[in-house]
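What follows is coords20.pdb (PDB, C-alpha atoms).
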```pdb
MODEL        1
ATOM      1  CA  MET A   1      -8.392 -36.634 -56.342
ATOM      2  CA  SER A   2      -7.242 -33.149 -55.402
ATOM      3  CA  SER A   3     -10.051 -32.263 -53.015
ATOM      4  CA  HIS A   4      -7.948 -29.377 -51.681
ATOM      5  CA  SER A   5      -8.478 -27.310 -54.819
ATOM      6  CA  HIS A   6     -12.263 -27.202 -54.605
ATOM      7  CA  HIS A   7     -12.740 -25.982 -51.073
ATOM      8  CA  ILE A   8     -15.806 -23.794 -50.686
ATOM      9  CA  ILE A   9     -14.956 -21.195 -48.040
ATOM     10  CA  PRO A  10     -17.781 -20.841 -45.459
ATOM     11  CA  PHE A  11     -19.819 -17.626 -45.690
ATOM     12  CA  ARG A  12     -19.135 -16.775 -42.036
ATOM     13  CA  THR A  13     -15.349 -17.164 -42.511
ATOM     14  CA  LEU A  14     -15.396 -14.722 -45.445
ATOM     15  CA  VAL A  15     -17.504 -12.119 -43.638
ATOM     16  CA  ALA A  16     -15.417 -12.456 -40.439
ATOM     17  CA  THR A  17     -12.241 -11.902 -42.517
ATOM     18  CA  GLY A  18     -13.775  -8.793 -44.107
ATOM     19  CA  LEU A  19     -14.664  -7.460 -40.645
ATOM     20  CA  ALA A  20     -11.178  -8.246 -39.276
ATOM     21  CA  LEU A  21      -9.619  -6.337 -42.210
ATOM     22  CA  THR A  22     -11.932  -3.376 -41.536
ATOM     23  CA  VAL A  23     -11.004  -3.335 -37.822
ATOM     24  CA  LEU A  24      -7.269  -3.531 -38.677
ATOM     25  CA  THR A  25      -7.655  -0.602 -41.121
ATOM     26  CA  ILE A  26      -9.312   1.495 -38.401
ATOM     27  CA  LEU A  27      -6.545   0.390 -36.002
ATOM     28  CA  THR A  28      -3.737   1.412 -38.371
ATOM     29  CA  VAL A  29      -5.297   4.877 -38.843
ATOM     30  CA  GLY A  30      -5.836   5.175 -35.064
ATOM     31  CA  VAL A  31      -2.220   4.267 -34.360
ATOM     32  CA  TYR A  32      -1.141   6.932 -36.883
ATOM     33  CA  TYR A  33      -2.750   9.660 -34.738
ATOM     34  CA  ILE A  34      -0.843   8.377 -31.688
ATOM     35  CA  ASP A  35       2.683   9.780 -32.038
ATOM     36  CA  PHE A  36       5.052   6.858 -31.664
ATOM     37  CA  PRO A  37       8.775   7.676 -32.000
ATOM     38  CA  ASP A  38      10.274   7.259 -35.449
ATOM     39  CA  PRO A  39      11.261   3.659 -36.114
ATOM     40  CA  ILE A  40       8.362   2.227 -34.038
ATOM     41  CA  ASN A  41       5.552   3.899 -36.037
ATOM     42  CA  ILE A  42       6.818   2.394 -39.334
ATOM     43  CA  ILE A  43       7.224  -1.044 -37.712
ATOM     44  CA  VAL A  44       3.682  -0.921 -36.236
ATOM     45  CA  ALA A  45       2.092   0.289 -39.510
ATOM     46  CA  LEU A  46       3.909  -2.342 -41.594
ATOM     47  CA  SER A  47       3.170  -5.128 -39.086
ATOM     48  CA  ILE A  48      -0.558  -4.367 -39.348
ATOM     49  CA  ALA A  49      -0.227  -4.324 -43.167
ATOM     50  CA  VAL A  50       1.513  -7.729 -43.102
ATOM     51  CA  VAL A  51      -1.265  -9.197 -40.897
ATOM     52  CA  LYS A  52      -3.895  -7.776 -43.303
ATOM     53  CA  ALA A  53      -2.071  -9.132 -46.375
ATOM     54  CA  THR A  54      -1.739 -12.544 -44.672
ATOM     55  CA  LEU A  55      -5.502 -12.608 -43.997
ATOM     56  CA  VAL A  56      -6.274 -11.751 -47.641
ATOM     57  CA  GLY A  57      -3.785 -14.355 -48.909
ATOM     58  CA  ALA A  58      -4.774 -17.168 -46.521
ATOM     59  CA  ILE A  59      -8.564 -16.734 -46.536
ATOM     60  CA  PHE A  60      -9.739 -14.668 -49.532
ATOM     61  CA  MET A  61      -7.151 -16.137 -51.923
ATOM     62  CA  GLY A  62      -7.663 -19.550 -50.317
ATOM     63  CA  LEU A  63      -3.976 -20.364 -49.762
ATOM     64  CA  TYR A  64      -4.829 -21.963 -46.398
ATOM     65  CA  TRP A  65      -6.770 -24.740 -48.160
ATOM     66  CA  ASP A  66      -4.789 -24.718 -51.389
ATOM     67  CA  ASP A  67      -1.850 -26.708 -52.753
ATOM     68  CA  LYS A  68       1.134 -25.460 -50.692
ATOM     69  CA  PHE A  69       3.133 -24.985 -53.894
ATOM     70  CA  ASN A  70       1.132 -21.799 -54.577
ATOM     71  CA  THR A  71       2.123 -20.433 -51.153
ATOM     72  CA  LEU A  72       5.725 -21.265 -52.030
ATOM     73  CA  ILE A  73       5.443 -19.184 -55.238
ATOM     74  CA  LEU A  74       4.188 -16.221 -53.177
ATOM     75  CA  LEU A  75       6.964 -16.611 -50.584
ATOM     76  CA  MET A  76       9.558 -16.791 -53.384
ATOM     77  CA  ALA A  77       8.207 -13.477 -54.732
ATOM     78  CA  PHE A  78       8.804 -11.853 -51.338
ATOM     79  CA  LEU A  79      12.235 -13.505 -51.022
ATOM     80  CA  PHE A  80      13.144 -12.071 -54.442
ATOM     81  CA  PHE A  81      11.934  -8.642 -53.292
ATOM     82  CA  PHE A  82      14.059  -8.733 -50.117
ATOM     83  CA  VAL A  83      17.157  -9.743 -52.113
ATOM     84  CA  PHE A  84      16.398  -6.828 -54.491
ATOM     85  CA  VAL A  85      16.049  -4.366 -51.557
ATOM     86  CA  GLY A  86      19.089  -5.694 -49.687
ATOM     87  CA  ILE A  87      21.542  -5.634 -52.558
ATOM     88  CA  THR A  88      20.315  -2.231 -53.790
ATOM     89  CA  LEU A  89      20.673  -0.686 -50.312
ATOM     90  CA  LEU A  90      24.233  -2.072 -50.079
ATOM     91  CA  ASP A  91      24.933   0.265 -52.986
ATOM     92  CA  THR A  92      22.795   3.320 -52.222
ATOM     93  CA  MET A  93      23.542   3.562 -48.478
ATOM     94  CA  PHE A  94      27.321   3.296 -48.831
ATOM     95  CA  ARG A  95      28.084   5.579 -51.734
ATOM     96  CA  ASP A  96      31.063   7.837 -52.107
ATOM     97  CA  PRO A  97      29.971  11.340 -50.922
ATOM     98  CA  SER A  98      31.052  12.809 -54.272
ATOM     99  CA  ILE A  99      28.143  11.048 -55.988
ATOM    100  CA  ILE A 100      25.145  13.383 -56.130
ATOM    101  CA  VAL A 101      22.132  12.211 -54.138
ATOM    102  CA  TYR A 102      18.682  13.151 -55.476
TER     103      TYR A 102
ATOM    104  CA  MET B 103      -7.506 -47.433 -70.318
ATOM    105  CA  ALA B 104     -10.361 -47.064 -67.856
ATOM    106  CA  GLU B 105      -9.725 -43.334 -67.579
ATOM    107  CA  GLN B 106      -9.981 -42.759 -71.312
ATOM    108  CA  ALA B 107     -13.355 -44.452 -71.390
ATOM    109  CA  GLN B 108     -14.754 -41.784 -69.053
ATOM    110  CA  VAL B 109     -16.905 -39.085 -70.603
ATOM    111  CA  ARG B 110     -14.926 -35.849 -70.540
ATOM    112  CA  ALA B 111     -16.624 -32.631 -69.512
ATOM    113  CA  PRO B 112     -16.746 -30.176 -72.459
ATOM    114  CA  HIS B 113     -14.541 -27.588 -70.688
ATOM    115  CA  VAL B 114     -11.602 -30.005 -70.251
ATOM    116  CA  GLN B 115      -9.000 -29.412 -72.963
ATOM    117  CA  HIS B 116      -7.379 -32.417 -74.626
ATOM    118  CA  HIS B 117      -3.925 -31.903 -73.080
ATOM    119  CA  PHE B 118      -5.240 -32.244 -69.506
ATOM    120  CA  ALA B 119      -5.893 -35.615 -67.858
ATOM    121  CA  SER B 120      -8.833 -34.339 -65.815
ATOM    122  CA  SER B 121     -10.856 -31.295 -64.861
ATOM    123  CA  ASP B 122      -9.034 -31.131 -61.519
ATOM    124  CA  GLN B 123      -5.630 -31.172 -63.195
ATOM    125  CA  GLN B 124      -6.731 -28.387 -65.552
ATOM    126  CA  PHE B 125      -8.029 -26.334 -62.619
ATOM    127  CA  ASP B 126      -4.829 -26.793 -60.579
ATOM    128  CA  SER B 127      -2.641 -25.905 -63.579
ATOM    129  CA  ALA B 128      -4.613 -22.729 -64.332
ATOM    130  CA  LYS B 129      -4.444 -21.659 -60.712
ATOM    131  CA  MET B 130      -0.712 -22.303 -60.466
ATOM    132  CA  GLY B 131      -0.232 -20.348 -63.700
ATOM    133  CA  MET B 132      -2.103 -17.439 -62.131
ATOM    134  CA  TRP B 133       0.152 -17.558 -59.068
ATOM    135  CA  VAL B 134       3.218 -17.408 -61.337
ATOM    136  CA  PHE B 135       1.667 -14.331 -62.983
ATOM    137  CA  LEU B 136       1.085 -12.813 -59.519
ATOM    138  CA  PHE B 137       4.802 -13.458 -58.798
ATOM    139  CA  THR B 138       5.660 -11.261 -61.810
ATOM    140  CA  GLU B 139       3.176  -8.635 -60.569
ATOM    141  CA  ILE B 140       4.906  -8.529 -57.167
ATOM    142  CA  ALA B 141       8.259  -8.185 -58.969
ATOM    143  CA  PHE B 142       6.754  -5.384 -61.121
ATOM    144  CA  PHE B 143       5.503  -3.375 -58.115
ATOM    145  CA  GLY B 144       8.600  -4.491 -56.171
ATOM    146  CA  GLY B 145      10.788  -2.226 -58.303
ATOM    147  CA  LEU B 146       8.697   0.776 -57.254
ATOM    148  CA  PHE B 147       8.773  -0.268 -53.603
ATOM    149  CA  VAL B 148      12.583  -0.448 -53.865
ATOM    150  CA  ALA B 149      12.623   3.093 -55.313
ATOM    151  CA  TYR B 150      10.417   4.202 -52.396
ATOM    152  CA  ILE B 151      12.767   2.618 -49.825
ATOM    153  CA  ILE B 152      15.912   4.163 -51.349
ATOM    154  CA  PHE B 153      14.494   7.679 -51.617
ATOM    155  CA  ARG B 154      12.970   7.493 -48.142
ATOM    156  CA  ALA B 155      16.328   6.341 -46.721
ATOM    157  CA  TRP B 156      18.027   9.280 -48.478
ATOM    158  CA  ASN B 157      15.395  11.911 -47.564
ATOM    159  CA  PRO B 158      13.455  10.829 -44.455
ATOM    160  CA  GLU B 159      12.410  14.417 -43.634
ATOM    161  CA  LEU B 160      11.026  14.960 -47.164
ATOM    162  CA  PHE B 161       8.620  12.019 -46.788
ATOM    163  CA  THR B 162       7.321  13.367 -43.463
ATOM    164  CA  LEU B 163       6.764  16.834 -44.978
ATOM    165  CA  ALA B 164       5.271  15.734 -48.292
ATOM    166  CA  ALA B 165       2.881  13.146 -46.832
ATOM    167  CA  THR B 166       0.980  15.998 -45.139
ATOM    168  CA  GLN B 167      -0.346  16.802 -48.636
ATOM    169  CA  LEU B 168      -2.147  13.434 -48.776
ATOM    170  CA  SER B 169      -5.602  13.104 -47.221
ATOM    171  CA  THR B 170      -5.634  10.312 -44.615
ATOM    172  CA  PRO B 171      -9.490  10.148 -44.507
ATOM    173  CA  LEU B 172      -9.665   9.674 -48.304
ATOM    174  CA  GLY B 173      -6.860   7.085 -48.259
ATOM    175  CA  ALA B 174      -8.514   5.202 -45.379
ATOM    176  CA  THR B 175     -11.903   5.299 -47.149
ATOM    177  CA  ASN B 176     -10.335   3.855 -50.283
ATOM    178  CA  THR B 177      -8.704   1.104 -48.200
ATOM    179  CA  LEU B 178     -12.105   0.142 -46.765
ATOM    180  CA  VAL B 179     -13.667   0.302 -50.266
ATOM    181  CA  LEU B 180     -11.058  -2.123 -51.645
ATOM    182  CA  ILE B 181     -11.452  -4.489 -48.653
ATOM    183  CA  ALA B 182     -15.223  -4.520 -49.231
ATOM    184  CA  SER B 183     -14.602  -5.248 -52.943
ATOM    185  CA  SER B 184     -12.301  -8.167 -52.016
ATOM    186  CA  LEU B 185     -15.067  -9.569 -49.819
ATOM    187  CA  THR B 186     -17.683  -9.248 -52.587
ATOM    188  CA  VAL B 187     -15.442 -10.982 -55.140
ATOM    189  CA  ALA B 188     -14.695 -13.812 -52.651
ATOM    190  CA  LEU B 189     -18.462 -14.178 -52.084
ATOM    191  CA  ALA B 190     -19.030 -14.144 -55.875
ATOM    192  CA  ILE B 191     -16.666 -17.140 -56.210
ATOM    193  CA  ARG B 192     -18.520 -18.897 -53.393
ATOM    194  CA  ALA B 193     -21.830 -18.187 -55.146
ATOM    195  CA  ILE B 194     -20.716 -19.737 -58.467
ATOM    196  CA  GLN B 195     -19.234 -22.738 -56.595
ATOM    197  CA  THR B 196     -22.728 -23.376 -55.228
ATOM    198  CA  ASP B 197     -24.473 -22.684 -58.585
ATOM    199  CA  LYS B 198     -26.081 -19.401 -57.457
ATOM    200  CA  LYS B 199     -25.467 -17.602 -60.762
ATOM    201  CA  ARG B 200     -27.711 -14.611 -60.189
ATOM    202  CA  GLN B 201     -26.114 -13.962 -56.783
ATOM    203  CA  SER B 202     -22.658 -14.338 -58.337
ATOM    204  CA  ILE B 203     -23.450 -11.719 -61.028
ATOM    205  CA  ILE B 204     -24.805  -9.272 -58.407
ATOM    206  CA  LEU B 205     -21.656  -9.723 -56.287
ATOM    207  CA  LEU B 206     -19.326  -9.320 -59.291
ATOM    208  CA  LEU B 207     -21.148  -6.121 -60.313
ATOM    209  CA  SER B 208     -20.925  -4.874 -56.683
ATOM    210  CA  THR B 209     -17.168  -5.415 -56.891
ATOM    211  CA  VAL B 210     -17.065  -3.365 -60.104
ATOM    212  CA  GLY B 211     -19.145  -0.657 -58.397
ATOM    213  CA  LEU B 212     -16.745  -0.497 -55.447
ATOM    214  CA  ALA B 213     -13.777  -0.386 -57.847
ATOM    215  CA  MET B 214     -15.400   2.620 -59.555
ATOM    216  CA  VAL B 215     -15.906   4.332 -56.172
ATOM    217  CA  PHE B 216     -12.166   3.790 -55.558
ATOM    218  CA  MET B 217     -11.309   5.381 -58.936
ATOM    219  CA  ILE B 218     -13.624   8.364 -58.351
ATOM    220  CA  ILE B 219     -12.031   9.086 -54.945
ATOM    221  CA  LYS B 220      -8.573   8.714 -56.537
ATOM    222  CA  ALA B 221      -9.594  11.134 -59.322
ATOM    223  CA  PHE B 222     -10.638  13.750 -56.717
ATOM    224  CA  GLU B 223      -7.278  13.319 -54.951
ATOM    225  CA  TYR B 224      -5.323  13.715 -58.211
ATOM    226  CA  ALA B 225      -7.426  16.717 -59.330
ATOM    227  CA  GLU B 226      -6.873  18.513 -56.025
ATOM    228  CA  LYS B 227      -3.095  17.993 -56.362
ATOM    229  CA  PHE B 228      -2.885  18.998 -60.028
ATOM    230  CA  ALA B 229      -4.795  22.206 -59.191
ATOM    231  CA  LYS B 230      -2.033  23.082 -56.694
ATOM    232  CA  GLY B 231       0.740  22.325 -59.187
ATOM    233  CA  ILE B 232       1.646  19.018 -57.569
ATOM    234  CA  ALA B 233       2.267  17.160 -60.818
ATOM    235  CA  PRO B 234       4.763  14.383 -61.524
ATOM    236  CA  GLY B 235       8.391  15.000 -62.452
ATOM    237  CA  ALA B 236       9.263  18.123 -64.457
ATOM    238  CA  TYR B 237       5.679  19.464 -64.268
ATOM    239  CA  TYR B 238       5.915  19.973 -60.507
ATOM    240  CA  THR B 239       5.377  23.665 -59.682
ATOM    241  CA  TYR B 240       4.073  23.622 -56.078
ATOM    242  CA  GLU B 241       6.117  25.708 -53.631
ATOM    243  CA  GLY B 242       4.416  24.760 -50.343
ATOM    244  CA  ILE B 243       6.940  22.102 -49.355
ATOM    245  CA  ALA B 244      10.264  23.415 -48.104
ATOM    246  CA  HIS B 245      12.490  20.733 -49.580
ATOM    247  CA  GLU B 246      14.635  20.841 -52.707
ATOM    248  CA  SER B 247      13.599  17.332 -53.855
ATOM    249  CA  ALA B 248       9.873  17.717 -53.045
ATOM    250  CA  SER B 249       8.929  16.548 -56.548
ATOM    251  CA  VAL B 250      10.703  13.216 -55.961
ATOM    252  CA  PHE B 251       8.128  12.106 -53.368
ATOM    253  CA  PHE B 252       5.261  12.920 -55.724
ATOM    254  CA  SER B 253       6.906  11.207 -58.700
ATOM    255  CA  ILE B 254       7.033   8.051 -56.572
ATOM    256  CA  TYR B 255       3.466   8.681 -55.363
ATOM    257  CA  TYR B 256       2.124   9.065 -58.910
ATOM    258  CA  MET B 257       4.035   6.061 -60.249
ATOM    259  CA  MET B 258       2.911   3.750 -57.426
ATOM    260  CA  THR B 259      -0.722   4.874 -57.177
ATOM    261  CA  GLY B 260      -0.945   5.321 -60.974
ATOM    262  CA  LEU B 261       0.247   1.784 -61.714
ATOM    263  CA  HIS B 262      -2.108   0.521 -59.001
ATOM    264  CA  ALA B 263      -5.022   2.511 -60.469
ATOM    265  CA  LEU B 264      -4.230   1.032 -63.910
ATOM    266  CA  HIS B 265      -4.592  -2.412 -62.317
ATOM    267  CA  VAL B 266      -7.952  -1.366 -60.836
ATOM    268  CA  VAL B 267      -9.172  -0.222 -64.284
ATOM    269  CA  ILE B 268      -8.017  -3.507 -65.889
ATOM    270  CA  GLY B 269      -9.704  -5.350 -62.989
ATOM    271  CA  ILE B 270     -13.006  -3.560 -63.732
ATOM    272  CA  GLY B 271     -12.791  -4.793 -67.329
ATOM    273  CA  ILE B 272     -11.971  -8.384 -66.307
ATOM    274  CA  LEU B 273     -14.747  -8.556 -63.688
ATOM    275  CA  LEU B 274     -17.339  -7.165 -66.142
ATOM    276  CA  TRP B 275     -16.267  -9.784 -68.697
ATOM    277  CA  ILE B 276     -16.528 -12.550 -66.039
ATOM    278  CA  ALA B 277     -19.979 -11.303 -64.936
ATOM    279  CA  TRP B 278     -21.078 -11.378 -68.618
ATOM    280  CA  LYS B 279     -19.817 -14.951 -68.995
ATOM    281  CA  VAL B 280     -21.639 -16.026 -65.822
ATOM    282  CA  HIS B 281     -24.781 -14.454 -67.314
ATOM    283  CA  ARG B 282     -24.248 -16.437 -70.543
ATOM    284  CA  ASN B 283     -24.057 -19.677 -68.500
ATOM    285  CA  HIS B 284     -20.380 -20.348 -69.218
ATOM    286  CA  PHE B 285     -19.706 -21.253 -65.585
ATOM    287  CA  SER B 286     -21.205 -23.555 -62.959
ATOM    288  CA  SER B 287     -20.123 -25.479 -59.854
ATOM    289  CA  GLU B 288     -18.450 -27.904 -62.317
ATOM    290  CA  TYR B 289     -16.312 -25.262 -64.035
ATOM    291  CA  TYR B 290     -15.553 -21.819 -62.587
ATOM    292  CA  THR B 291     -11.753 -21.540 -63.037
ATOM    293  CA  PRO B 292     -11.799 -18.066 -64.703
ATOM    294  CA  VAL B 293     -13.978 -16.656 -61.901
ATOM    295  CA  GLU B 294     -11.570 -17.947 -59.249
ATOM    296  CA  ILE B 295      -8.341 -16.787 -60.922
ATOM    297  CA  SER B 296      -9.809 -13.351 -61.730
ATOM    298  CA  GLY B 297     -10.598 -13.177 -58.013
ATOM    299  CA  LEU B 298      -6.932 -13.931 -57.245
ATOM    300  CA  TYR B 299      -5.911 -10.960 -59.433
ATOM    301  CA  TRP B 300      -8.410  -8.685 -57.692
ATOM    302  CA  HIS B 301      -7.188  -9.730 -54.223
ATOM    303  CA  LEU B 302      -3.582  -8.970 -55.248
ATOM    304  CA  VAL B 303      -4.650  -5.441 -56.243
ATOM    305  CA  ASP B 304      -6.136  -5.142 -52.734
ATOM    306  CA  VAL B 305      -2.951  -6.478 -51.073
ATOM    307  CA  ILE B 306      -0.784  -3.930 -52.922
ATOM    308  CA  TRP B 307      -3.037  -1.094 -51.757
ATOM    309  CA  ILE B 308      -2.861  -2.478 -48.171
ATOM    310  CA  PHE B 309       0.892  -1.726 -48.327
ATOM    311  CA  LEU B 310       0.639   1.534 -50.314
ATOM    312  CA  PHE B 311      -1.805   3.115 -47.853
ATOM    313  CA  PRO B 312       0.428   3.148 -44.715
ATOM    314  CA  LEU B 313       3.606   3.791 -46.741
ATOM    315  CA  LEU B 314       2.234   6.882 -48.520
ATOM    316  CA  TYR B 315      -0.553   8.305 -46.347
ATOM    317  CA  LEU B 316       0.474   7.370 -42.806
ATOM    318  CA  ILE B 317       3.948   8.895 -42.547
ATOM    319  CA  GLU B 318       4.470  10.972 -39.432
TER     320      GLU B 318
ENDMDL
END
```
Is it possible to express this structure as structure tokens?
Amino acid sequence: MSSHSHHIIPFRTLVATGLALTVLTILTVGVYYIDFPDPINIIVALSIAVVKATLVGAIFMGLYWDDKFNTLILLMAFLFFFVFVGITLLDTMFRDPSIIVY
Amino acid sequence: MAEQAQVRAPHVQHHFASSDQQFDSAKMGMWVFLFTEIAFFGGLFVAYIIFRAWNPELFTLAATQLSTPLGATNTLVLIASSLTVALAIRAIQTDKKRQSIILLLSTVGLAMVFMIIKAFEYAEKFAKGIAPGAYYTYEGIAHESASVFFSIYYMMTGLHALHVVIGIGILLWIAWKVHRNHFSSEYYTPVEISGLYWHLVDVIWIFLFPLLYLIE
């Protein structure tokens, strides 16, 4: 039956993922000490974080071998988050100046 | 009727057709829980985004109070703990119980290292008067809403640290159950879904680290 749910992840794949995450952590700290101009540094740091999170999700959490419905649940969580951010910013970034900003 | 004649493994509950169906259902249930966890932390990330959009210069100033080496060390500690928990699941899948217990206890050890480093960071800030909300008394940051950054910092890292502490409890309980021979290559669902929880705690820190410590 559902052979996908009992995948045993190879030892080498797990260790290689751990090493890749370590290298990306060192990279993100290294990039921090290089002074990129303002929007670029945030984009670089977050891009590295997204790659790291994808590695953890796909390999360590086994989504790559898993029922794709579980990946869909995760993507829906992020979709929900972006809707939350988008609609909230439509309010907070376009407020009447008379409203006090903290 | 052929299916009903099969001998059912003792761990399969009566409302599931098979062990595989029970495993898939438990795992999907865990992913739904992780959805709610992302929504839970999501609220704090939204707060972070709004206040950073309002006060970009405050975030640059205040982040200088956070130690990048300590934050980076804690990131590496959590990545190592994710690897050990993934290896612990692999060990129980291949019936290596002793190895699985050692790896689960290593994960707990790394989680404790994370908490100790976090405690040093908090203690150093409290000593300076960098406390959350109304208790903020530090005057070293020239910005009228300096306390706002640290309220967000304490809420985000505090809620994350609470998850680490709960994770320590869950992993100790799982290690105990492996020791008592509750799990094997036939049935290891709780080990795997506890691992999913632990990896999510790691993923959240992967985002918290650059957003709080690496602002320039």
Using all atoms listed in the file, select each residue of chain B with any atom at most 7 Å away from an atom of chain A, and give the selection as an MDAnalysis selection string. chainID B and resid 122 126 130 133:134 137 140:141 144 148 152 178 181:182 185 188 192 195 247 298 301 305 308:309 312 316
What gap, in Å, lies between atom CA of B:Glu288 and atom CA of B:Leu274? 21.1 Å
One decimal, Å: what's the distance from atom CA of B:Gly211 over to atom CA of B:Ser183, could you say?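 Taking atom CA of B:Gly211 and atom CA of B:Ser183, their separation equals 8.5 Å.
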Within 8 Å of (15.8, 13.2, -50.4), in the coordinates the file gives, what residues turn up when you count only C-alpha atoms, written out as a ChimeraX atom specification? /A:101-102 /B:153-160,247-248,250
What's the 10 Å shell around stretch 220-222 of chain B, counting all atoms listed in the file, without same-chain residues fewer than 5 positions away, as an MDAnalysis selection string? chainID B and resid 172:173 176 214:215 227:228 259:260 263
What would the file look like if the residues just selected were written as an mmCIF file, in the frame of the given file with C-alpha atoms?
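To be explicit, this is the file written out as out03.cif:
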```
data_model
loop_
_atom_site.group_PDB
_atom_site.id
_atom_site.type_symbol
_atom_site.label_atom_id
_atom_site.label_comp_id
_atom_site.auth_asym_id
_atom_site.auth_seq_id
_atom_site.Cartn_x
_atom_site.Cartn_y
_atom_site.Cartn_z
ATOM 1 C CA LEU B 172 -9.665 9.674 -48.304
ATOM 2 C CA GLY B 173 -6.860 7.085 -48.259
ATOM 3 C CA ASN B 176 -10.335 3.855 -50.283
ATOM 4 C CA MET B 214 -15.400 2.620 -59.555
ATOM 5 C CA VAL B 215 -15.906 4.332 -56.172
ATOM 6 C CA LYS B 227 -3.095 17.993 -56.362
ATOM 7 C CA PHE B 228 -2.885 18.998 -60.028
ATOM 8 C CA THR B 259 -0.722 4.874 -57.177
ATOM 9 C CA GLY B 260 -0.945 5.321 -60.974
ATOM 10 C CA ALA B 263 -5.022 2.511 -60.469
#
```
Point out the residue among B:Leu302, B:Ile194, B:Phe135, B:Leu189 with the least atom-to-atom distance to A:Thr13, counting only C-alpha atoms.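 Once distances to A:Thr13 are computed over only C-alpha atoms, the minimum belongs to B:Leu189.
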Just say which residues the PyMOL selection byres ((chain B and resi 229-236) around 12) picks in this file, as number ranges by chain. B: 164, 167-168, 222-228, 237-243, 247-260
Would you save the residues from that selection as an mmCIF file, keeping the file's coordinate frame, using C-alpha atoms?
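What follows is the written file again-v8.cif:
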```
data_model
loop_
_atom_site.group_PDB
_atom_site.id
_atom_site.type_symbol
_atom_site.label_atom_id
_atom_site.label_comp_id
_atom_site.auth_asym_id
_atom_site.auth_seq_id
_atom_site.Cartn_x
_atom_site.Cartn_y
_atom_site.Cartn_z
ATOM 1 C CA ALA B 164 5.271 15.734 -48.292
ATOM 2 C CA GLN B 167 -0.346 16.802 -48.636
ATOM 3 C CA LEU B 168 -2.147 13.434 -48.776
ATOM 4 C CA PHE B 222 -10.638 13.750 -56.717
ATOM 5 C CA GLU B 223 -7.278 13.319 -54.951
ATOM 6 C CA TYR B 224 -5.323 13.715 -58.211
ATOM 7 C CA ALA B 225 -7.426 16.717 -59.330
ATOM 8 C CA GLU B 226 -6.873 18.513 -56.025
ATOM 9 C CA LYS B 227 -3.095 17.993 -56.362
ATOM 10 C CA PHE B 228 -2.885 18.998 -60.028
ATOM 11 C CA TYR B 237 5.679 19.464 -64.268
ATOM 12 C CA TYR B 238 5.915 19.973 -60.507
ATOM 13 C CA THR B 239 5.377 23.665 -59.682
ATOM 14 C CA TYR B 240 4.073 23.622 -56.078
ATOM 15 C CA GLU B 241 6.117 25.708 -53.631
ATOM 16 C CA GLY B 242 4.416 24.760 -50.343
ATOM 17 C CA ILE B 243 6.940 22.102 -49.355
ATOM 18 C CA SER B 247 13.599 17.332 -53.855
ATOM 19 C CA ALA B 248 9.873 17.717 -53.045
ATOM 20 C CA SER B 249 8.929 16.548 -56.548
ATOM 21 C CA VAL B 250 10.703 13.216 -55.961
ATOM 22 C CA PHE B 251 8.128 12.106 -53.368
ATOM 23 C CA PHE B 252 5.261 12.920 -55.724
ATOM 24 C CA SER B 253 6.906 11.207 -58.700
ATOM 25 C CA ILE B 254 7.033 8.051 -56.572
ATOM 26 C CA TYR B 255 3.466 8.681 -55.363
ATOM 27 C CA TYR B 256 2.124 9.065 -58.910
ATOM 28 C CA MET B 257 4.035 6.061 -60.249
ATOM 29 C CA MET B 258 2.911 3.750 -57.426
ATOM 30 C CA THR B 259 -0.722 4.874 -57.177
ATOM 31 C CA GLY B 260 -0.945 5.321 -60.974
#
```
Can you work out the spacing between atom CA of B:Ala213 and atom CA of B:Pro292 in Å, to one decimal?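 According to the coordinates, atom CA of B:Ala213 and atom CA of B:Pro292 are separated by 19.1 Å.
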Matched chain/residue IDs from the PyMOL selection byres ((chain B and resi 291) around 8), as a PDB file with C-alpha atoms, keeping the file's coordinate frame:
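Final output, saved to result_32.pdb:
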```pdb
ATOM      1  CA  PHE B 125      -8.029 -26.334 -62.619  1.00  0.00           C
ATOM      2  CA  ALA B 128      -4.613 -22.729 -64.332  1.00  0.00           C
ATOM      3  CA  LYS B 129      -4.444 -21.659 -60.712  1.00  0.00           C
ATOM      4  CA  TYR B 289     -16.312 -25.262 -64.035  1.00  0.00           C
ATOM      5  CA  TYR B 290     -15.553 -21.819 -62.587  1.00  0.00           C
ATOM      6  CA  PRO B 292     -11.799 -18.066 -64.703  1.00  0.00           C
ATOM      7  CA  VAL B 293     -13.978 -16.656 -61.901  1.00  0.00           C
ATOM      8  CA  GLU B 294     -11.570 -17.947 -59.249  1.00  0.00           C
ATOM      9  CA  ILE B 295      -8.341 -16.787 -60.922  1.00  0.00           C
TER      10      ILE B 295
END
```
Can you tell me, as lines of an AutoDock Vina configuration file, the centre and edge lengths (Å, one decimal) of the axis-aligned box enclosing all of stretch 299-316 of chain B's listed atoms after padding each side by 6 Å?
```
center_x = -2.4
center_y = -1.3
center_z = -51.1
size_x = 24.0
size_y = 31.3
size_z = 28.6
```
